[in-house]
>>> print(open('work-v1.cif').read())   # mmCIF, C-alpha atoms and all ligand atoms
data_start
#
loop_
_atom_site.label_atom_id
_atom_site.label_comp_id
_atom_site.auth_asym_id
_atom_site.auth_seq_id
_atom_site.Cartn_x
_atom_site.Cartn_y
_atom_site.Cartn_z
CA MET A 1227 0.00 0.00 0.00
CA ALA A 1228 3.04 2.24 0.22
CA SER A 1229 2.63 3.20 -3.44
CA VAL A 1230 -0.57 5.15 -2.70
CA ASP A 1231 -0.23 8.67 -1.33
CA LEU A 1232 -3.20 9.53 0.90
CA THR A 1233 -1.98 12.94 2.03
CA THR A 1234 -4.39 15.78 1.55
CA ASN A 1235 -4.85 19.40 2.51
CA TYR A 1236 -7.72 20.72 4.60
CA LEU A 1237 -7.95 24.42 5.53
CA GLY A 1238 -4.36 24.82 4.39
CA ILE A 1239 -3.24 22.17 6.88
CA GLY A 1240 -1.52 19.01 5.66
CA LEU A 1241 -3.26 15.78 6.71
CA ALA A 1242 -1.86 12.25 6.52
CA ASN A 1243 -5.17 11.07 5.02
CA PRO A 1244 -8.68 12.53 4.59
CA PHE A 1245 -10.36 10.84 7.58
CA ILE A 1246 -10.84 12.95 10.71
CA THR A 1247 -12.97 12.88 13.86
CA GLY A 1248 -15.94 15.28 13.81
CA ALA A 1249 -17.03 17.48 16.70
CA SER A 1250 -18.16 15.17 19.52
CA PRO A 1251 -17.21 13.87 22.95
CA LEU A 1252 -14.71 11.58 21.18
CA SER A 1253 -12.20 14.37 21.74
CA ASP A 1254 -12.81 14.60 25.48
CA HIS A 1255 -10.36 12.08 26.87
CA LEU A 1256 -6.68 12.20 26.08
CA ASP A 1257 -6.52 8.40 25.97
CA THR A 1258 -9.29 8.21 23.38
CA VAL A 1259 -7.62 10.87 21.26
CA ARG A 1260 -4.30 8.97 21.40
CA ARG A 1261 -6.13 5.82 20.28
CA LEU A 1262 -7.76 7.76 17.45
CA GLU A 1263 -4.37 9.08 16.34
CA ASP A 1264 -2.77 5.63 16.57
CA ALA A 1265 -5.54 4.20 14.40
CA GLY A 1266 -4.87 6.74 11.66
CA CYS A 1267 -7.32 9.55 12.41
CA ALA A 1268 -5.70 12.53 10.66
CA ALA A 1269 -7.15 15.41 12.74
CA ILE A 1270 -9.68 15.97 15.48
CA VAL A 1271 -12.48 18.49 15.93
CA LEU A 1272 -13.31 19.17 19.57
CA HIS A 1273 -16.90 19.21 20.80
CA SER A 1274 -18.36 22.70 20.67
CA LEU A 1275 -18.21 25.35 23.26
CA PHE A 1276 -21.64 26.94 23.15
CA GLU A 1277 -22.28 30.64 22.98
CA GLU A 1278 -24.40 30.44 26.14
CA GLN A 1279 -21.57 28.76 28.03
CA ILE A 1280 -19.29 31.65 27.23
CA SER A 1281 -21.75 34.47 27.67
CA GLN A 1282 -23.00 33.11 31.00
CA ALA A 1283 -19.61 32.12 32.35
CA THR A 1284 -19.11 35.39 34.19
CA SER A 1285 -22.46 35.13 35.94
CA GLY A 1286 -21.78 31.55 37.00
CA ARG A 1287 -24.94 30.36 35.27
CA ILE A 1288 -23.44 27.91 32.86
CA GLN A 1289 -26.11 25.50 31.81
CA ASN A 1290 -26.00 22.01 30.47
CA LEU A 1291 -26.97 22.38 26.87
CA ASP A 1292 -27.46 20.13 23.89
CA PRO A 1293 -26.51 17.35 23.83
CA SER A 1294 -25.73 16.91 27.50
CA ASP A 1295 -29.38 16.80 28.42
CA LYS A 1296 -29.92 13.85 30.78
CA ARG A 1297 -32.68 12.57 28.50
CA PHE A 1298 -30.05 11.68 25.92
CA ALA A 1299 -28.39 9.29 28.34
CA ALA A 1300 -30.25 6.18 27.21
CA ALA A 1301 -29.49 6.79 23.56
CA LEU A 1302 -25.87 7.49 24.30
CA SER A 1303 -24.93 4.85 26.82
CA TYR A 1304 -22.24 3.54 24.49
CA PHE A 1305 -20.26 6.68 23.96
CA PRO A 1306 -17.97 8.62 26.27
CA SER A 1307 -19.45 10.74 29.04
CA SER A 1308 -21.16 13.94 28.02
CA GLU A 1309 -20.08 15.71 31.21
CA SER A 1310 -17.65 17.73 29.16
CA TYR A 1311 -20.49 19.70 27.59
CA ALA A 1312 -20.66 21.43 30.96
CA TRP A 1313 -16.98 22.43 30.78
CA ARG A 1314 -16.37 26.02 31.65
CA PRO A 1315 -14.58 28.06 28.99
CA GLU A 1316 -11.24 27.91 30.87
CA GLU A 1317 -11.54 24.13 31.07
CA TYR A 1318 -12.07 23.99 27.33
CA LEU A 1319 -8.93 26.05 26.75
CA GLU A 1320 -6.94 23.84 29.10
CA HIS A 1321 -8.14 20.80 27.18
CA VAL A 1322 -6.92 22.31 23.89
CA ARG A 1323 -3.49 22.89 25.47
CA GLN A 1324 -3.31 19.33 26.79
CA LEU A 1325 -4.36 17.84 23.47
CA LYS A 1326 -1.72 19.82 21.65
CA GLU A 1327 0.89 18.40 23.99
CA CYS A 1328 -0.35 14.84 23.79
CA VAL A 1329 -0.95 14.28 20.04
CA ARG A 1330 0.67 15.38 16.80
CA ILE A 1331 -2.46 15.50 14.65
CA PRO A 1332 -4.09 18.90 14.07
CA VAL A 1333 -6.60 19.97 16.72
CA ILE A 1334 -9.60 22.01 15.61
CA GLY A 1335 -11.62 23.94 18.19
CA SER A 1336 -15.37 24.35 17.77
CA LEU A 1337 -17.70 27.20 18.66
CA ASN A 1338 -21.46 26.90 18.50
CA GLY A 1339 -23.62 30.00 18.44
CA THR A 1340 -25.67 32.31 16.36
CA SER A 1341 -25.02 35.90 17.32
CA ALA A 1342 -22.15 38.16 16.34
CA GLU A 1343 -21.53 39.30 19.88
CA SER A 1344 -18.48 39.53 22.07
CA TRP A 1345 -18.39 35.79 22.79
CA LEU A 1346 -16.69 35.41 19.46
CA ARG A 1347 -13.57 36.93 20.96
CA PHE A 1348 -13.28 33.66 22.78
CA ALA A 1349 -12.15 32.19 19.49
CA ARG A 1350 -8.89 34.09 19.91
CA LEU A 1351 -8.30 32.35 23.25
CA ILE A 1352 -8.87 28.96 21.58
CA GLN A 1353 -6.33 30.01 18.95
CA ASP A 1354 -3.88 31.14 21.62
CA ALA A 1355 -4.33 27.82 23.43
CA GLY A 1356 -2.83 26.21 20.32
CA ALA A 1357 -5.78 25.13 18.16
CA ASP A 1358 -4.79 24.73 14.53
CA ALA A 1359 -8.17 25.93 13.26
CA ILE A 1360 -11.68 26.80 14.42
CA GLU A 1361 -14.91 25.24 13.26
CA LEU A 1362 -17.94 27.46 13.68
CA ASN A 1363 -21.27 25.71 14.05
CA MET A 1364 -24.14 28.01 13.17
CA TYR A 1365 -27.04 26.15 14.71
CA GLU A 1366 -30.34 27.94 14.57
CA ILE A 1367 -33.96 27.06 14.05
CA VAL A 1368 -35.70 30.29 13.14
CA THR A 1369 -39.29 30.16 14.36
CA ASP A 1370 -40.17 33.86 14.16
CA PRO A 1371 -42.31 34.40 11.04
CA LEU A 1372 -41.18 38.03 10.89
CA VAL A 1373 -37.50 37.11 10.44
CA ASN A 1374 -36.66 36.52 6.79
CA GLY A 1375 -33.92 34.55 5.07
CA ILE A 1376 -31.90 37.60 4.09
CA THR A 1377 -31.62 38.64 7.72
CA ILE A 1378 -30.40 35.20 8.75
CA GLU A 1379 -27.87 35.01 5.95
CA HIS A 1380 -26.64 38.49 6.73
CA GLY A 1381 -26.16 37.50 10.40
CA LEU A 1382 -24.21 34.43 9.35
CA ARG A 1383 -21.90 36.48 7.17
CA ARG A 1384 -21.38 39.00 9.94
CA VAL A 1385 -20.31 36.29 12.40
CA VAL A 1386 -17.77 34.89 9.96
CA ASP A 1387 -16.57 38.37 9.08
CA ASN A 1388 -16.11 39.23 12.78
CA LEU A 1389 -14.24 36.00 13.40
CA ARG A 1390 -11.98 36.58 10.41
CA HIS A 1391 -10.89 39.84 11.99
CA GLU A 1392 -10.18 38.12 15.32
CA LEU A 1393 -8.18 35.15 14.07
CA ARG A 1394 -5.09 34.28 12.12
CA ILE A 1395 -5.85 30.51 12.07
CA PRO A 1396 -8.18 29.01 9.45
CA ILE A 1397 -11.95 29.10 9.96
CA ALA A 1398 -14.30 26.34 8.85
CA VAL A 1399 -18.05 26.95 8.92
CA LYS A 1400 -20.40 24.07 9.60
CA LEU A 1401 -23.64 24.84 7.81
CA SER A 1402 -27.19 23.66 7.62
CA PRO A 1403 -28.49 22.59 4.18
CA PHE A 1404 -31.72 24.50 4.70
CA PHE A 1405 -31.13 27.58 2.59
CA THR A 1406 -33.05 28.41 -0.57
CA ALA A 1407 -29.87 29.16 -2.50
CA PHE A 1408 -27.15 27.27 -0.69
CA ALA A 1409 -24.50 27.87 -3.36
CA ASN A 1410 -24.86 31.61 -2.82
CA VAL A 1411 -24.63 31.27 0.96
CA ALA A 1412 -21.43 29.28 0.54
CA HIS A 1413 -20.07 31.89 -1.85
CA GLU A 1414 -20.83 34.76 0.53
CA ILE A 1415 -19.24 32.98 3.46
CA GLU A 1416 -16.12 32.39 1.43
CA ARG A 1417 -16.12 36.05 0.42
CA VAL A 1418 -15.94 37.23 4.05
CA GLY A 1419 -12.99 34.99 4.77
CA ALA A 1420 -13.99 31.41 5.61
CA ASN A 1421 -11.36 28.84 4.69
CA GLY A 1422 -13.60 25.80 4.77
CA LEU A 1423 -17.19 24.62 4.63
CA VAL A 1424 -18.42 21.63 6.61
CA LEU A 1425 -21.47 19.99 5.03
CA PHE A 1426 -23.86 19.59 6.85
CA ASN A 1427 -24.96 20.25 10.35
CA ARG A 1428 -27.23 17.50 11.61
CA PHE A 1429 -30.05 18.75 13.79
CA LEU A 1430 -31.34 17.14 16.91
CA GLN A 1431 -35.03 16.60 16.24
CA PRO A 1432 -37.67 16.79 18.93
CA ASP A 1433 -39.77 13.65 19.26
CA ILE A 1434 -43.20 13.23 20.84
CA ASP A 1435 -43.80 10.91 23.77
CA ILE A 1436 -47.39 9.69 23.36
CA GLN A 1437 -47.51 8.05 26.81
CA HIS A 1438 -46.52 11.11 28.82
CA LEU A 1439 -47.75 13.63 26.25
CA GLY A 1440 -44.40 15.34 26.21
CA VAL A 1441 -41.77 16.46 23.74
CA TRP A 1442 -38.14 15.44 24.12
CA PRO A 1443 -34.98 16.17 22.17
CA ARG A 1444 -33.93 13.06 20.32
CA LEU A 1445 -30.42 12.14 19.28
CA ASP A 1446 -29.90 9.15 17.01
CA LEU A 1447 -26.63 8.18 15.44
CA SER A 1448 -26.63 8.71 11.68
CA THR A 1449 -26.88 6.15 8.90
CA GLY A 1450 -25.48 6.15 5.38
CA ALA A 1451 -28.87 7.34 4.10
CA GLU A 1452 -27.91 10.87 5.18
CA LEU A 1453 -24.90 10.96 2.92
CA LEU A 1454 -26.63 11.56 -0.42
CA LEU A 1455 -27.59 15.16 0.32
CA ARG A 1456 -23.95 15.83 1.31
CA LEU A 1457 -22.61 14.16 -1.83
CA ARG A 1458 -24.80 16.34 -4.00
CA TRP A 1459 -23.58 19.59 -2.43
CA LEU A 1460 -19.94 18.55 -2.26
CA ALA A 1461 -20.19 17.81 -5.97
CA ILE A 1462 -21.89 21.12 -6.75
CA LEU A 1463 -19.41 23.23 -4.79
CA ARG A 1464 -16.21 21.42 -5.81
CA GLY A 1465 -14.29 23.64 -8.21
CA ARG A 1466 -16.59 26.60 -7.58
CA THR A 1467 -15.19 27.64 -4.22
CA ARG A 1468 -11.70 28.20 -2.91
CA CYS A 1469 -12.87 26.91 0.47
CA SER A 1470 -11.81 23.47 1.60
CA LEU A 1471 -14.75 21.10 1.78
CA ALA A 1472 -15.42 18.63 4.57
CA VAL A 1473 -18.29 16.20 4.76
CA THR A 1474 -20.04 15.41 8.03
CA GLY A 1475 -23.13 13.22 8.34
CA GLY A 1476 -23.71 9.71 7.14
CA VAL A 1477 -20.20 8.46 6.42
CA ALA A 1478 -20.80 4.96 7.72
CA THR A 1479 -18.48 2.77 5.64
CA PRO A 1480 -15.25 2.99 3.62
CA GLU A 1481 -17.39 3.16 0.45
CA ASP A 1482 -19.09 6.26 1.85
CA GLY A 1483 -15.70 7.83 2.49
CA ILE A 1484 -14.55 7.10 -1.07
CA LYS A 1485 -17.78 8.51 -2.52
CA SER A 1486 -17.33 11.70 -0.50
CA ILE A 1487 -13.85 12.23 -1.90
CA LEU A 1488 -15.00 11.48 -5.45
CA ALA A 1489 -17.74 14.08 -4.99
CA GLY A 1490 -15.21 16.65 -3.79
CA ALA A 1491 -14.42 16.35 -0.07
CA ASP A 1492 -10.97 17.36 1.14
CA ALA A 1493 -11.70 15.90 4.56
CA VAL A 1494 -14.16 13.28 5.72
CA GLN A 1495 -15.45 13.76 9.25
CA MET A 1496 -16.80 10.81 11.18
CA VAL A 1497 -18.59 10.53 14.52
CA SER A 1498 -21.41 7.95 14.50
CA ALA A 1499 -19.32 5.27 12.76
CA ILE A 1500 -16.52 5.73 15.30
CA LEU A 1501 -18.93 5.62 18.22
CA ARG A 1502 -20.29 2.37 16.77
CA HIS A 1503 -17.06 0.63 15.81
CA GLY A 1504 -14.40 2.33 17.94
CA PRO A 1505 -11.22 4.23 16.98
CA ALA A 1506 -9.79 1.25 15.02
CA TYR A 1507 -12.36 2.01 12.33
CA PHE A 1508 -10.03 4.75 11.12
CA THR A 1509 -7.55 2.04 10.13
CA THR A 1510 -10.31 0.24 8.25
CA MET A 1511 -11.24 3.45 6.41
CA ARG A 1512 -7.67 4.30 5.50
CA ASP A 1513 -6.69 0.80 4.37
CA ALA A 1514 -9.84 0.33 2.32
CA LEU A 1515 -9.21 3.65 0.55
CA SER A 1516 -5.63 2.59 -0.22
CA ARG A 1517 -6.71 -0.78 -1.57
CA TRP A 1518 -9.44 0.75 -3.71
CA MET A 1519 -7.05 3.36 -5.14
CA GLU A 1520 -4.47 0.69 -5.87
CA SER A 1521 -7.02 -1.51 -7.58
CA LEU A 1522 -7.92 1.34 -9.95
CA GLU A 1523 -4.33 2.54 -10.23
CA PHE A 1524 -4.81 5.93 -8.63
CA ALA A 1525 -1.63 7.15 -6.97
CA ARG A 1526 -2.74 10.28 -5.13
CA ILE A 1527 -5.83 11.76 -3.51
CA ASP A 1528 -5.62 14.59 -6.04
CA ASP A 1529 -6.36 12.01 -8.74
CA ILE A 1530 -9.75 11.19 -7.25
CA ARG A 1531 -10.89 14.27 -5.33
CA GLY A 1532 -13.87 15.78 -7.14
CA ARG A 1533 -13.55 13.36 -10.04
CA LEU A 1534 -17.33 12.95 -9.99
CA SER A 1535 -18.16 16.55 -9.10
CA LEU A 1536 -20.61 18.62 -11.08
CA ALA A 1537 -17.75 20.26 -12.96
CA GLU A 1538 -16.06 16.96 -13.81
CA THR A 1539 -18.85 14.48 -14.33
CA GLU A 1540 -20.19 13.65 -17.76
CA SER A 1541 -23.77 13.82 -16.48
CA PRO A 1542 -24.07 17.06 -14.47
CA SER A 1543 -27.86 17.01 -14.61
CA VAL A 1544 -27.82 14.18 -12.08
CA PHE A 1545 -26.72 16.73 -9.49
CA GLU A 1546 -28.81 19.61 -10.76
CA ARG A 1547 -32.23 18.07 -11.19
CA ALA A 1548 -34.30 17.48 -8.11
CA GLN A 1549 -36.85 15.32 -9.92
CA TYR A 1550 -35.71 13.03 -12.62
CA ILE A 1551 -38.43 11.53 -14.75
CA ARG A 1552 -36.57 8.29 -15.43
CA THR A 1553 -35.80 7.67 -11.76
CA LEU A 1554 -39.33 8.48 -10.68
CA SER A 1555 -40.90 6.24 -13.29
CA GLY A 1556 -38.46 3.52 -12.23
CA TRP A 1557 -39.78 3.89 -8.70
CA SER A 1558 -43.42 3.41 -9.79
CA SER A 1559 -42.50 0.22 -11.66
CA TRP A 1560 -40.88 -1.00 -8.47
CA LEU A 1561 -44.11 -0.32 -6.57
CA GLU A 1562 -46.07 -2.29 -9.17
CA TYR A 1563 -43.57 -5.10 -8.80
CA GLN A 1564 -44.04 -5.14 -5.03
CA ALA A 1565 -47.84 -5.23 -5.41
CA ARG A 1566 -47.87 -8.40 -7.53
CA PRO A 1567 -48.91 -11.67 -5.91
CA SER A 1568 -45.83 -13.57 -4.81
CA ASP A 1569 -46.47 -16.62 -7.07
CA GLU A 1570 -46.18 -14.37 -10.10
CA GLU A 1571 -42.92 -12.80 -9.07
CA SER A 1572 -40.77 -15.36 -10.80
CA LYS A 1573 -42.41 -14.48 -14.13
CA LEU A 1574 -41.38 -10.81 -13.89
CA PRO A 1575 -38.58 -9.56 -16.08
CA SER A 1576 -35.40 -9.03 -14.07
C1 LIG R 1601 -22.89 12.65 20.76
C2 LIG R 1601 -22.66 13.70 19.74
C3 LIG R 1601 -22.18 14.93 20.13
C4 LIG R 1601 -21.99 15.93 19.17
N1 LIG R 1601 -21.51 17.14 19.56
C5 LIG R 1601 -21.31 18.11 18.61
C6 LIG R 1601 -20.79 19.37 18.96
O1 LIG R 1601 -20.46 19.65 20.13
N2 LIG R 1601 -20.63 20.29 17.99
C7 LIG R 1601 -20.95 20.05 16.69
O2 LIG R 1601 -20.77 20.91 15.83
N3 LIG R 1601 -21.43 18.84 16.31
C8 LIG R 1601 -21.62 17.88 17.24
N4 LIG R 1601 -22.12 16.66 16.87
C9 LIG R 1601 -22.42 16.42 15.43
C10 LIG R 1601 -21.25 15.70 14.75
O3 LIG R 1601 -20.09 16.51 14.73
C11 LIG R 1601 -21.59 15.33 13.30
O4 LIG R 1601 -21.76 16.50 12.53
C12 LIG R 1601 -22.85 14.48 13.19
O5 LIG R 1601 -22.85 13.46 14.16
C13 LIG R 1601 -22.94 13.85 11.81
O6 LIG R 1601 -21.80 13.06 11.54
P1 LIG R 1601 -21.83 11.44 11.66
O7 LIG R 1601 -22.83 10.96 10.68
O8 LIG R 1601 -20.43 11.02 11.30
O9 LIG R 1601 -22.21 11.11 13.05
C14 LIG R 1601 -22.29 15.67 17.81
C15 LIG R 1601 -22.77 14.39 17.44
C16 LIG R 1601 -22.95 13.43 18.38
C17 LIG R 1601 -23.44 12.07 17.94
#
>>> encode(input="work-v1.cif", output="structure tokens")
Amino acid sequence: MASVDLTTNYLGIGLANPFITGASPLSDHLDTVRRLEDAGCAAIVLHSLFEEQISQATSGRIQNLDPSDKRFAAALSYFPSSESYAWRPEEYLEHVRQLKECVRIPVIGSLNGTSAESWLRFARLIQDAGADAIELNMYEIVTDPLVNGITIEHGLRRVVDNLRHELRIPIAVKLSPFFTAFANVAHEIERVGANGLVLFNRFLQPDIDIQHLGVWPRLDLSTGAELLLRLRWLAILRGRTRCSLAVTGGVATPEDGIKSILAGADAVQMVSAILRHGPAYFTTMRDALSRWMESLEFARIDDIRGRLSLAETESPSVFERAQYIRTLSGWSSWLEYQARPSDEESKLPS
């Protein structure tokens, strides 16, 4: 496998391979991070420090926020403690310092908030603690019918713009897919100085408890089904933005990782798959990518990155069209097939 070069560049930072750990409690324990590094994880994104944690730190009213809510405990019994989501800002900084001493892979801090207020200055402290980059998670569900899309997009730009003036390290922005014209949002964010886009934020969805007539925030690990939306937008943006592109959400297998790179990802973030299979899954991902590249005689990641992007593919309409008559009519034939009595199934054309 030595003949294949997996090195890549994300946010201007050299990585040994494209596979990295996404923002999550996987970064919380030094031992876990060492195991991730040993298994071949090429960089790590810390769990987020939330805007409220920073803005309330001085008043001593730091709250447990998503996803440390006790109601998540059952769903999350198999992953590391979520206590760290209650870390105070100084503890977060100390953790960055310790990680930088204990591993050689790049360490990316994460901030989660929506406003362009003074809490953003905290990013500079994360930078000064040694973080190699910052990932900004803009998590917001806008419920006010009087707030329009332009206002939200303007706010987003302003946050990135403010951060750009605070920081010398690269900034990645983790975005939601729910914009009417996502390509324009990406373009505007690049224009104000983002170095990378992370596609896409995955929202916690509230679920309804019909026994207790209550609503509770639900956190499920992802499946590969979530990847397709990411593949489409990686493919659309590849070659149209100077930003690095990372995928997050639904990379469950080595095949998913390869698809993400073919669509245009510079870095492939993983959380759910690592929580399921453990840190050694990074070795599986890396080795499978090497073997696949060797089998098709690709020598470098550059040879495959974006090879099936909108700009490179021979059938760009696959990415551009939301409804495709041939696919939809194929689906109705499948339904007809399912509806046939089972004794007739063998007579159907294959
Ligand atoms: C337990 C858990 C904690 C997470 N914490 C954060 C966080 O602090 N900040 C953030 O931006 N994303 C967070 N995420 C989202 C992940 O970074 C990632 O975007 C999402 O899980 C989709 O990737 P996956 O399909 O590889 O799991 C968290 C996800 C999980 C499962």
>>> atom_distance(input="work-v1.cif", atom1="atom CA of Leu1241 of chain A", atom2="atom CA of Ile1352 of chain A")
20.6 Å
>>> closest_atom_pairs(input="work-v1.cif", of="chain A", to="ligand LIG 1601 (chain R)", cutoff="6 Å", atoms="all atoms listed in the file", output="JSON lines")
{"residue": "A:Gly1248", "atom": "CA", "partner": "R:LIG1601", "partner_atom": "O3", "distance": 4.4}
{"residue": "A:Ala1249", "atom": "CA", "partner": "R:LIG1601", "partner_atom": "O3", "distance": 3.8}
{"residue": "A:Ser1250", "atom": "CA", "partner": "R:LIG1601", "partner_atom": "N1", "distance": 3.9}
{"residue": "A:Pro1251", "atom": "CA", "partner": "R:LIG1601", "partner_atom": "C3", "distance": 5.8}
{"residue": "A:His1273", "atom": "CA", "partner": "R:LIG1601", "partner_atom": "O1", "distance": 3.6}
{"residue": "A:Ser1274", "atom": "CA", "partner": "R:LIG1601", "partner_atom": "O1", "distance": 3.7}
{"residue": "A:Asn1363", "atom": "CA", "partner": "R:LIG1601", "partner_atom": "O2", "distance": 5.1}
{"residue": "A:Asn1427", "atom": "CA", "partner": "R:LIG1601", "partner_atom": "O4", "distance": 5.4}
{"residue": "A:Arg1428", "atom": "CA", "partner": "R:LIG1601", "partner_atom": "C12", "distance": 5.5}
{"residue": "A:Leu1447", "atom": "CA", "partner": "R:LIG1601", "partner_atom": "C17", "distance": 5.6}
{"residue": "A:Ser1448", "atom": "CA", "partner": "R:LIG1601", "partner_atom": "O7", "distance": 4.5}
{"residue": "A:Thr1474", "atom": "CA", "partner": "R:LIG1601", "partner_atom": "O6", "distance": 4.6}
{"residue": "A:Gly1475", "atom": "CA", "partner": "R:LIG1601", "partner_atom": "O7", "distance": 3.3}
{"residue": "A:Gly1476", "atom": "CA", "partner": "R:LIG1601", "partner_atom": "O7", "distance": 3.9}
{"residue": "A:Val1477", "atom": "CA", "partner": "R:LIG1601", "partner_atom": "O8", "distance": 5.5}
{"residue": "A:Met1496", "atom": "CA", "partner": "R:LIG1601", "partner_atom": "O8", "distance": 3.6}
{"residue": "A:Val1497", "atom": "CA", "partner": "R:LIG1601", "partner_atom": "O8", "distance": 3.7}
{"residue": "A:Ser1498", "atom": "CA", "partner": "R:LIG1601", "partner_atom": "O9", "distance": 3.6}
>>> closest_residue(input="work-v1.cif", among="A:Ala1499, A:Leu1430, A:Ile1484, A:Ile1334", to="Ile1530 of chain A", atoms="all atoms listed in the file")
A:Ile1484
>>> residues_around(input="work-v1.cif", residues="segment 1538-1552 of chain A", least_positions_apart="4", cutoff="8 Å", atoms="all atoms listed in the file", output="PDB file with C-alpha atoms, keeping the file's coordinate frame")
ATOM      1  CA  ARG A1458     -24.800  16.340  -4.000  1.00  0.00           C
ATOM      2  CA  ALA A1461     -20.190  17.810  -5.970  1.00  0.00           C
ATOM      3  CA  ILE A1462     -21.890  21.120  -6.750  1.00  0.00           C
ATOM      4  CA  GLY A1532     -13.870  15.780  -7.140  1.00  0.00           C
ATOM      5  CA  ARG A1533     -13.550  13.360 -10.040  1.00  0.00           C
ATOM      6  CA  LEU A1534     -17.330  12.950  -9.990  1.00  0.00           C
ATOM      7  CA  GLY A1556     -38.460   3.520 -12.230  1.00  0.00           C
TER       8      GLY A1556
END
>>> residues_around(input="work-v1.cif", residues="Pro1480 of chain A", least_positions_apart="5", cutoff="7 Å", atoms="all atoms listed in the file", output="ChimeraX atom specification")
/A:1511,1514-1515
